[in-house]
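work21.csv follows; it contains CSV, C-alpha atoms (C1' of nucleotides).
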chain,number,residue,atom,x,y,z
A,1,MET,CA,-176.6,-40.5,144.5
A,2,ILE,CA,-177.5,-38.2,141.7
A,3,VAL,CA,-175.5,-36.6,139.0
A,4,LEU,CA,-176.8,-33.7,137.0
A,5,ASP,CA,-176.1,-33.3,133.3
A,6,TYR,CA,-175.5,-29.7,132.4
A,7,ARG,CA,-175.3,-30.5,128.7
A,8,ASP,CA,-178.9,-31.7,128.9
A,9,LYS,CA,-181.2,-28.9,127.9
A,10,ARG,CA,-184.0,-30.0,130.3
A,11,PRO,CA,-184.6,-28.0,133.4
A,12,LEU,CA,-182.6,-29.1,136.5
A,13,ASN,CA,-185.7,-29.6,138.6
A,14,GLU,CA,-187.1,-32.0,136.0
A,15,GLN,CA,-183.8,-33.9,135.9
A,16,VAL,CA,-183.7,-34.2,139.7
A,17,ALA,CA,-187.3,-35.4,139.8
A,18,GLU,CA,-186.7,-38.0,137.0
A,19,LYS,CA,-183.6,-39.4,138.5
A,20,LEU,CA,-185.2,-39.8,141.9
A,21,MET,CA,-188.3,-41.4,140.3
A,22,ASN,CA,-186.1,-43.9,138.5
A,23,LEU,CA,-184.3,-44.7,141.8
A,24,ILE,CA,-187.7,-45.3,143.5
A,25,ALA,CA,-189.1,-47.3,140.6
A,26,GLN,CA,-186.1,-49.6,140.6
A,27,GLY,CA,-186.0,-50.0,144.4
A,28,GLY,CA,-182.9,-48.0,145.0
A,29,LEU,CA,-185.0,-46.1,147.4
A,30,ALA,CA,-187.4,-48.3,149.4
A,31,PRO,CA,-190.9,-47.3,150.5
A,32,GLY,CA,-190.8,-45.5,153.8
A,33,GLU,CA,-187.2,-44.4,153.3
A,34,ARG,CA,-186.4,-40.8,153.9
A,35,LEU,CA,-185.1,-38.6,151.2
A,36,PRO,CA,-182.4,-36.0,151.8
A,37,SER,CA,-183.8,-32.7,153.0
A,38,VAL,CA,-184.4,-30.0,150.5
A,39,ARG,CA,-181.4,-28.0,151.7
A,40,ASN,CA,-179.1,-30.9,152.0
A,41,LEU,CA,-179.8,-32.3,148.5
A,42,ALA,CA,-179.4,-28.7,147.1
A,43,LEU,CA,-176.0,-28.6,148.7
A,44,ASP,CA,-175.0,-32.0,147.4
A,45,LEU,CA,-176.0,-31.0,143.9
A,46,SER,CA,-174.7,-27.5,144.1
A,47,VAL,CA,-178.2,-26.3,143.2
A,48,ASN,CA,-180.6,-23.8,144.6
A,49,PRO,CA,-183.1,-25.2,147.3
A,50,ASN,CA,-186.0,-23.9,145.2
A,51,THR,CA,-184.9,-26.2,142.4
A,52,VAL,CA,-184.9,-29.2,144.7
A,53,GLN,CA,-188.2,-28.2,146.2
A,54,ARG,CA,-189.8,-28.1,142.7
A,55,ALA,CA,-188.5,-31.6,142.1
A,56,TYR,CA,-190.0,-32.8,145.3
A,57,SER,CA,-193.3,-31.1,144.7
A,58,SER,CA,-193.8,-32.8,141.4
A,59,LEU,CA,-192.8,-36.1,142.9
A,60,GLU,CA,-195.4,-35.7,145.6
A,61,GLU,CA,-198.0,-34.6,143.1
A,62,LYS,CA,-197.4,-37.9,141.2
A,63,GLY,CA,-197.6,-39.9,144.4
A,64,TYR,CA,-194.0,-41.1,144.5
A,65,ILE,CA,-193.2,-39.5,147.8
A,66,THR,CA,-195.1,-38.2,150.8
A,67,THR,CA,-194.2,-34.9,152.3
A,68,ILE,CA,-194.5,-34.1,156.0
A,69,THR,CA,-193.9,-30.5,156.9
A,70,GLY,CA,-191.2,-30.2,159.6
A,71,ARG,CA,-190.1,-33.9,159.2
A,72,GLY,CA,-189.1,-34.6,155.6
A,73,ASN,CA,-190.0,-36.5,152.5
A,74,TYR,CA,-190.6,-40.2,152.4
A,75,VAL,CA,-190.9,-42.7,149.6
A,76,SER,CA,-194.5,-43.8,149.2
A,77,GLU,CA,-195.8,-47.3,149.1
A,78,GLU,CA,-195.5,-48.9,145.7
A,79,SER,CA,-199.3,-49.0,145.4
A,80,ARG,CA,-199.4,-45.2,145.3
A,81,TRP,CA,-197.5,-44.9,142.1
A,82,LYS,CA,-197.0,-48.3,140.5
A,83,ASP,CA,-200.2,-48.3,138.4
A,84,SER,CA,-199.9,-44.8,137.1
A,85,LEU,CA,-196.2,-45.3,136.3
A,86,LEU,CA,-197.1,-48.4,134.3
A,87,GLY,CA,-199.8,-46.6,132.4
A,88,GLU,CA,-197.6,-43.7,131.7
A,89,VAL,CA,-194.7,-45.7,130.6
A,90,LEU,CA,-196.7,-48.1,128.4
A,91,SER,CA,-198.4,-45.2,126.6
A,92,GLU,CA,-195.0,-43.7,126.0
A,93,LEU,CA,-193.9,-47.0,124.5
A,94,ARG,CA,-197.0,-47.1,122.2
A,95,GLU,CA,-196.3,-43.6,120.9
A,96,THR,CA,-192.7,-44.5,120.2
A,97,ALA,CA,-193.7,-47.7,118.5
A,98,GLU,CA,-196.1,-45.7,116.3
A,99,ARG,CA,-193.3,-43.4,115.3
A,100,VAL,CA,-190.9,-46.3,114.6
A,101,LYS,CA,-193.5,-48.0,112.5
A,102,ALA,CA,-194.2,-44.8,110.6
A,103,ALA,CA,-190.5,-44.5,109.8
A,104,GLY,CA,-190.6,-47.8,108.0
A,105,VAL,CA,-189.0,-50.1,110.6
A,106,GLY,CA,-190.3,-53.7,110.4
A,107,MET,CA,-191.9,-55.3,113.4
A,108,GLU,CA,-189.2,-57.9,113.6
A,109,ASP,CA,-186.5,-55.3,113.9
A,110,ALA,CA,-188.5,-53.3,116.5
A,111,LEU,CA,-189.1,-56.3,118.6
A,112,LYS,CA,-185.5,-57.3,118.4
A,113,CYS,CA,-184.4,-53.8,119.5
A,114,VAL,CA,-186.6,-54.0,122.6
A,115,LYS,CA,-185.5,-57.5,123.4
A,116,GLU,CA,-181.8,-56.5,123.3
A,117,VAL,CA,-182.4,-53.8,125.8
A,118,TYR,CA,-184.0,-56.3,128.2
A,119,GLU,CA,-181.3,-58.9,127.7
A,120,ARG,CA,-178.5,-56.4,128.4
A,121,VAL,CA,-176.9,-56.3,131.9
B,1,MET,CA,-201.7,-29.4,106.0
B,2,ILE,CA,-200.3,-28.6,109.4
B,3,VAL,CA,-201.9,-27.7,112.7
B,4,LEU,CA,-199.9,-26.2,115.5
B,5,ASP,CA,-200.6,-27.1,119.1
B,6,TYR,CA,-200.2,-24.1,121.3
B,7,ARG,CA,-200.7,-26.2,124.5
B,8,ASP,CA,-197.5,-28.1,123.5
B,9,LYS,CA,-194.6,-26.6,125.3
B,10,ARG,CA,-192.1,-27.3,122.6
B,11,PRO,CA,-190.9,-24.5,120.3
B,12,LEU,CA,-193.0,-23.8,117.3
B,13,ASN,CA,-190.2,-24.3,114.9
B,14,GLU,CA,-189.6,-27.8,116.2
B,15,GLN,CA,-193.2,-28.6,115.9
B,16,VAL,CA,-193.3,-27.5,112.3
B,17,ALA,CA,-190.2,-29.4,111.5
B,18,GLU,CA,-191.4,-32.6,113.1
B,19,LYS,CA,-194.8,-32.5,111.4
B,20,LEU,CA,-193.2,-32.0,108.0
B,21,MET,CA,-190.7,-34.7,108.7
B,22,ASN,CA,-193.6,-37.1,109.6
B,23,LEU,CA,-195.4,-36.2,106.4
B,24,ILE,CA,-192.3,-36.9,104.4
B,25,ALA,CA,-191.5,-40.2,106.2
B,26,GLN,CA,-195.0,-41.4,105.6
B,27,GLY,CA,-195.1,-40.4,101.9
B,28,GLY,CA,-197.6,-37.5,102.4
B,29,LEU,CA,-195.0,-35.4,100.6
B,30,ALA,CA,-193.3,-37.2,97.8
B,31,PRO,CA,-189.6,-36.8,96.9
B,32,GLY,CA,-189.2,-33.9,94.4
B,33,GLU,CA,-192.3,-32.3,95.6
B,34,ARG,CA,-192.1,-28.6,96.4
B,35,LEU,CA,-192.8,-27.3,99.9
B,36,PRO,CA,-194.7,-24.1,100.6
B,37,SER,CA,-192.4,-21.0,100.5
B,38,VAL,CA,-191.2,-19.7,103.8
B,39,ARG,CA,-193.4,-16.7,103.7
B,40,ASN,CA,-196.5,-18.6,102.5
B,41,LEU,CA,-196.3,-21.3,105.2
B,42,ALA,CA,-195.7,-18.6,107.8
B,43,LEU,CA,-198.9,-16.9,106.6
B,44,ASP,CA,-200.8,-20.2,106.7
B,45,LEU,CA,-199.7,-21.0,110.2
B,46,SER,CA,-200.0,-17.4,111.5
B,47,VAL,CA,-196.4,-17.6,112.5
B,48,ASN,CA,-193.2,-15.5,111.8
B,49,PRO,CA,-191.3,-16.3,108.7
B,50,ASN,CA,-188.2,-16.7,110.8
B,51,THR,CA,-189.9,-19.6,112.6
B,52,VAL,CA,-190.6,-21.4,109.4
B,53,GLN,CA,-187.1,-20.8,108.2
B,54,ARG,CA,-185.7,-22.4,111.3
B,55,ALA,CA,-187.9,-25.4,110.7
B,56,TYR,CA,-186.8,-25.7,107.1
B,57,SER,CA,-183.1,-25.2,108.0
B,58,SER,CA,-183.2,-28.2,110.4
B,59,LEU,CA,-185.0,-30.3,107.9
B,60,GLU,CA,-182.3,-29.5,105.3
B,61,GLU,CA,-179.6,-30.2,107.9
B,62,LYS,CA,-181.1,-33.7,108.4
B,63,GLY,CA,-181.4,-34.3,104.7
B,64,TYR,CA,-185.2,-34.4,104.4
B,65,ILE,CA,-185.4,-31.5,102.1
B,66,THR,CA,-183.1,-29.7,99.6
B,67,THR,CA,-183.1,-25.9,99.5
B,68,ILE,CA,-182.4,-24.0,96.4
B,69,THR,CA,-182.0,-20.2,96.9
B,70,GLY,CA,-184.4,-18.3,94.8
B,71,ARG,CA,-186.5,-21.3,93.9
B,72,GLY,CA,-187.7,-23.1,97.0
B,73,ASN,CA,-187.5,-26.2,99.2
B,74,TYR,CA,-188.0,-29.7,97.7
B,75,VAL,CA,-188.4,-33.1,99.4
B,76,SER,CA,-185.2,-35.1,99.1
B,77,GLU,CA,-184.9,-38.6,97.7
B,78,GLU,CA,-185.6,-41.3,100.3
B,79,SER,CA,-182.0,-42.4,100.3
B,80,ARG,CA,-181.0,-39.0,101.7
B,81,TRP,CA,-182.8,-39.4,105.0
B,82,LYS,CA,-183.9,-43.0,105.3
B,83,ASP,CA,-180.9,-44.4,107.1
B,84,SER,CA,-180.5,-41.5,109.6
B,85,LEU,CA,-184.2,-41.7,110.3
B,86,LEU,CA,-183.9,-45.4,111.0
B,87,GLY,CA,-181.0,-44.8,113.4
B,88,GLU,CA,-182.7,-41.9,115.1
B,89,VAL,CA,-185.9,-43.7,115.6
B,90,LEU,CA,-184.3,-46.9,116.8
B,91,SER,CA,-182.2,-45.1,119.4
B,92,GLU,CA,-185.4,-43.5,120.5
B,93,LEU,CA,-187.0,-46.9,120.9
B,94,ARG,CA,-184.0,-48.1,122.9
B,95,GLU,CA,-184.3,-45.2,125.3
B,96,THR,CA,-188.0,-45.7,125.8
B,97,ALA,CA,-187.4,-49.4,126.3
B,98,GLU,CA,-184.8,-48.6,129.0
B,99,ARG,CA,-187.4,-46.5,130.8
B,100,VAL,CA,-190.1,-49.1,130.4
B,101,LYS,CA,-187.7,-51.7,131.8
B,102,ALA,CA,-186.7,-49.5,134.7
B,103,ALA,CA,-190.3,-48.9,135.6
B,104,GLY,CA,-190.7,-52.7,136.2
B,105,VAL,CA,-192.5,-53.7,133.1
B,106,GLY,CA,-191.7,-57.3,132.1
B,107,MET,CA,-190.2,-58.1,128.7
B,108,GLU,CA,-193.2,-60.0,127.6
B,109,ASP,CA,-195.6,-57.1,128.3
B,110,ALA,CA,-193.3,-54.7,126.5
B,111,LEU,CA,-193.0,-56.9,123.4
B,112,LYS,CA,-196.8,-57.4,123.4
B,113,CYS,CA,-197.3,-53.7,123.5
B,114,VAL,CA,-195.1,-53.1,120.5
B,115,LYS,CA,-196.7,-56.0,118.6
B,116,GLU,CA,-200.2,-54.6,119.2
B,117,VAL,CA,-199.2,-51.3,117.6
B,118,TYR,CA,-197.9,-53.1,114.5
B,119,GLU,CA,-200.9,-55.3,114.2
B,120,ARG,CA,-203.3,-52.4,114.4
B,121,VAL,CA,-204.8,-51.0,111.2
C,1,DC,C1',-187.0,-5.4,85.1
C,2,DA,C1',-190.4,-7.4,88.4
C,3,DA,C1',-192.0,-10.8,91.4
C,4,DG,C1',-191.1,-14.5,94.2
C,5,DT,C1',-187.7,-17.1,96.4
C,6,DG,C1',-184.1,-18.2,100.5
C,7,DT,C1',-181.2,-15.9,103.8
C,8,DA,C1',-179.3,-12.7,107.3
C,9,DT,C1',-179.4,-9.2,110.8
C,10,DT,C1',-181.0,-6.4,114.5
C,11,DA,C1',-184.2,-5.1,118.0
C,12,DA,C1',-187.8,-5.9,121.2
C,13,DA,C1',-191.1,-8.6,123.9
C,14,DT,C1',-192.2,-12.6,126.4
C,15,DG,C1',-191.7,-16.6,129.2
C,16,DT,C1',-189.1,-20.1,131.8
C,17,DC,C1',-185.4,-21.5,134.6
C,18,DT,C1',-182.3,-20.6,138.1
C,19,DT,C1',-180.2,-18.2,141.8
C,20,DA,C1',-180.5,-15.4,145.9
C,21,DA,C1',-182.1,-13.8,150.1
C,22,DT,C1',-185.5,-13.9,153.2
C,23,DA,C1',-189.3,-15.2,156.2
C,24,DC,C1',-192.7,-18.3,158.3
C,25,DA,C1',-194.8,-22.6,160.4
C,26,DC,C1',-194.1,-27.0,161.8
C,27,DT,C1',-191.5,-31.1,164.3
C,28,DA,C1',-188.3,-33.3,167.3
C,29,DA,C1',-184.9,-33.3,170.7
C,30,DT,C1',-183.0,-31.1,174.6
D,1,DA,C1',-189.5,-23.3,176.3
D,2,DT,C1',-185.6,-23.2,173.4
D,3,DT,C1',-183.1,-24.8,169.5
D,4,DA,C1',-182.1,-27.0,165.3
D,5,DG,C1',-183.8,-28.9,161.3
D,6,DT,C1',-187.6,-29.4,158.4
D,7,DG,C1',-191.1,-28.0,154.4
D,8,DT,C1',-193.0,-23.9,152.3
D,9,DA,C1',-193.7,-19.2,150.3
D,10,DT,C1',-192.3,-14.8,148.4
D,11,DT,C1',-189.8,-11.4,145.9
D,12,DA,C1',-186.1,-9.8,143.0
D,13,DA,C1',-182.7,-10.3,139.7
D,14,DG,C1',-180.2,-12.4,135.9
D,15,DA,C1',-179.6,-15.7,132.1
D,16,DC,C1',-181.4,-17.8,128.3
D,17,DA,C1',-184.5,-19.4,124.5
D,18,DT,C1',-188.4,-18.4,121.6
D,19,DT,C1',-190.9,-15.5,118.9
D,20,DT,C1',-192.2,-11.5,116.5
D,21,DA,C1',-191.1,-7.5,113.7
D,22,DA,C1',-188.9,-4.8,110.3
D,23,DT,C1',-185.6,-4.7,107.1
D,24,DA,C1',-182.2,-5.7,103.7
D,25,DC,C1',-179.7,-8.5,100.2
D,26,DA,C1',-178.8,-12.2,96.6
D,27,DC,C1',-180.7,-15.3,93.7
D,28,DT,C1',-184.1,-17.4,90.0
D,29,DT,C1',-187.7,-17.2,86.8
D,30,DG,C1',-190.7,-15.1,83.4
Structure encoded using structure tokens:
Amino acid sequence: MIVLDYRDKRPLNEQVAEKLMNLIAQGGLAPGERLPSVRNLALDLSVNPNTVQRAYSSLEEKGYITTITGRGNYVSEESRWKDSLLGEVLSELRETAERVKAAGVGMEDALKCVKEVYERV
Amino acid sequence: MIVLDYRDKRPLNEQVAEKLMNLIAQGGLAPGERLPSVRNLALDLSVNPNTVQRAYSSLEEKGYITTITGRGNYVSEESRWKDSLLGEVLSELRETAERVKAAGVGMEDALKCVKEVYERV
DNA sequence: CAAGTGTATTAAATGTCTTAATACACTAAT
DNA sequence: ATTAGTGTATTAAGACATTTAATACACTTG
């Protein structure tokens, strides 16, 4: 389900959170679906439960999942996170585009680059 | 010349390097121009000389500046860094585009976003 | 020679991340 | 009620990166 990259310098809890978020955003985890328990996912990933819990906490804070004590963590309805995700991701794209532009890349090349990503399988 | 952001979680030496790199890429520091000495910039930024030196080292490694022991650090000719900067920046754009796509943003919207950045003054 | 330069080293302080070992409250099934 | 499984919280310890500090050395220029 998830594979951690130990060469990546980012904290494990962030990696876990991001990968789950991507899964949710792409529909790999449907709204209402239950996530693995903190302890189970920690076992799967060979990671400390605290690390998984931090990942889950940040996901709940951002609205991707809903936590029910004693039951588990469930994927939220799309309406809970869709808008903020779009906003976040588009502002990231703007920032990157600014940097690309500042580096002297022409608009045509930048657009072509984005297009290629979309047209790839 | 440079202002550090202590709310930013990234290391100071990376911030210094990035801000100088942006200045160079945008022509704020012309090729051949001399950079402040390690000690002087450290004083200006209220930062340890070691921190500035690390920033300068990474800039030299990437070809943005040329270091001459006993004399100082000088901005390299554009040809030294232009290509690698383009590559780096385009791969960053690809990564961001992947993320934008994964979040469910349509290609048209993504392209429009990039276009708007370029058409802005 | 003197001043200013880049460079290197060692030590200490700090902060974050991660693991580990518990403990507690809640929920569901029996 | 008991039990198993859940989320949550706490404390301690270690590993690691970042930064500061205090030096020292080699080089270049005037």
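Near chain D, within 7 Å and using only C-alpha atoms (C1' of nucleotides), the residues of chain A are A:Thr69, A:Gly70, A:Arg71, A:Gly72.
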Would you list the contacts of Ser37 (chain B) as a PDB file with C-alpha atoms (C1' of nucleotides), keeping the file's coordinate frame, taking every protein, DNA or RNA residue within 10 Å and counting only C-alpha atoms (C1' of nucleotides), but skipping same-chain residues closer than 5 positions in sequence?
ATOM      1  CA  ALA B  42    -195.700 -18.600 107.800  1.00  0.00           C
ATOM      2  CA  LEU B  43    -198.900 -16.900 106.600  1.00  0.00           C
ATOM      3  CA  PRO B  49    -191.300 -16.300 108.700  1.00  0.00           C
ATOM      4  CA  VAL B  52    -190.600 -21.400 109.400  1.00  0.00           C
ATOM      5  CA  GLN B  53    -187.100 -20.800 108.200  1.00  0.00           C
ATOM      6  CA  TYR B  56    -186.800 -25.700 107.100  1.00  0.00           C
ATOM      7  CA  ARG B  71    -186.500 -21.300  93.900  1.00  0.00           C
ATOM      8  CA  GLY B  72    -187.700 -23.100  97.000  1.00  0.00           C
ATOM      9  CA  ASN B  73    -187.500 -26.200  99.200  1.00  0.00           C
TER      10      ASN B  73
ATOM     11  C1'  DG C   4    -191.100 -14.500  94.200  1.00  0.00           C
ATOM     12  C1'  DT C   5    -187.700 -17.100  96.400  1.00  0.00           C
ATOM     13  C1'  DG C   6    -184.100 -18.200 100.500  1.00  0.00           C
TER      14       DG C   6
END
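The two identical-sequence chains, chain B and chain A, differ by a C-alpha RMSD of 0.6 Å after optimal least-squares superposition.
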Can you work out the spacing between CA of Pro11 (chain A) and CA of Val38 (chain A) in Å, to one decimal?
17.2 Å
Please return, as a ChimeraX atom specification, all residues of chain A lying within 7 Å of chain B when all atoms listed in the file are considered.
/A:22,25-26,85-86,89-90,93-94,96-98,100,102-103,105,107,111,113-114,117-118
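Among the candidates C:DA13, C:DA29, C:DA20, C:DA2, the one nearest to chain A when counting all atoms listed in the file is C:DA20.
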Would you work out the distance separating C1' of DG15 (chain C) from CA of Glu61 (chain A), expressed in Å to one decimal?
23.6 Å
Starting from chain C, keep only residues with some atom at most 8 Å from an atom of chain A, counting all atoms listed in the file, and report them as a ChimeraX atom specification.
/C:17-19,26-27
Set the distance at 12 Å and use all atoms listed in the file: which residues neighbour Asp5 (chain A) once local chain neighbours fewer than 2 positions away are removed? I'd like the list as number ranges by chain.
A: 2-3, 7-16, 19, 45
In Å and to one decimal, C1' of DA28 (chain C) is distant from CA of Lys62 (chain A) by 28.0 Å
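Minimum atom-to-atom distances from B:Leu59, B:Pro31, B:Leu20, B:Leu4 to Ser79 (chain B) were compared using only C-alpha atoms, and the lowest value belongs to B:Pro31.
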Residue neighbourhood Gly32 (chain A), 10 Å, all atoms listed in the file, exclusion window fewer than 4 positions, as a ChimeraX atom specification
/A:65-66,73-78
Listed atoms of region 9-23 of chain C boxed along x, y and z, 6 Å each side, centre and edge lengths in Å, one decimal, as lines of an AutoDock Vina configuration file:
center_x = -185.8
center_y = -13.3
center_z = 133.5
size_x = 24.8
size_y = 28.4
size_z = 57.4
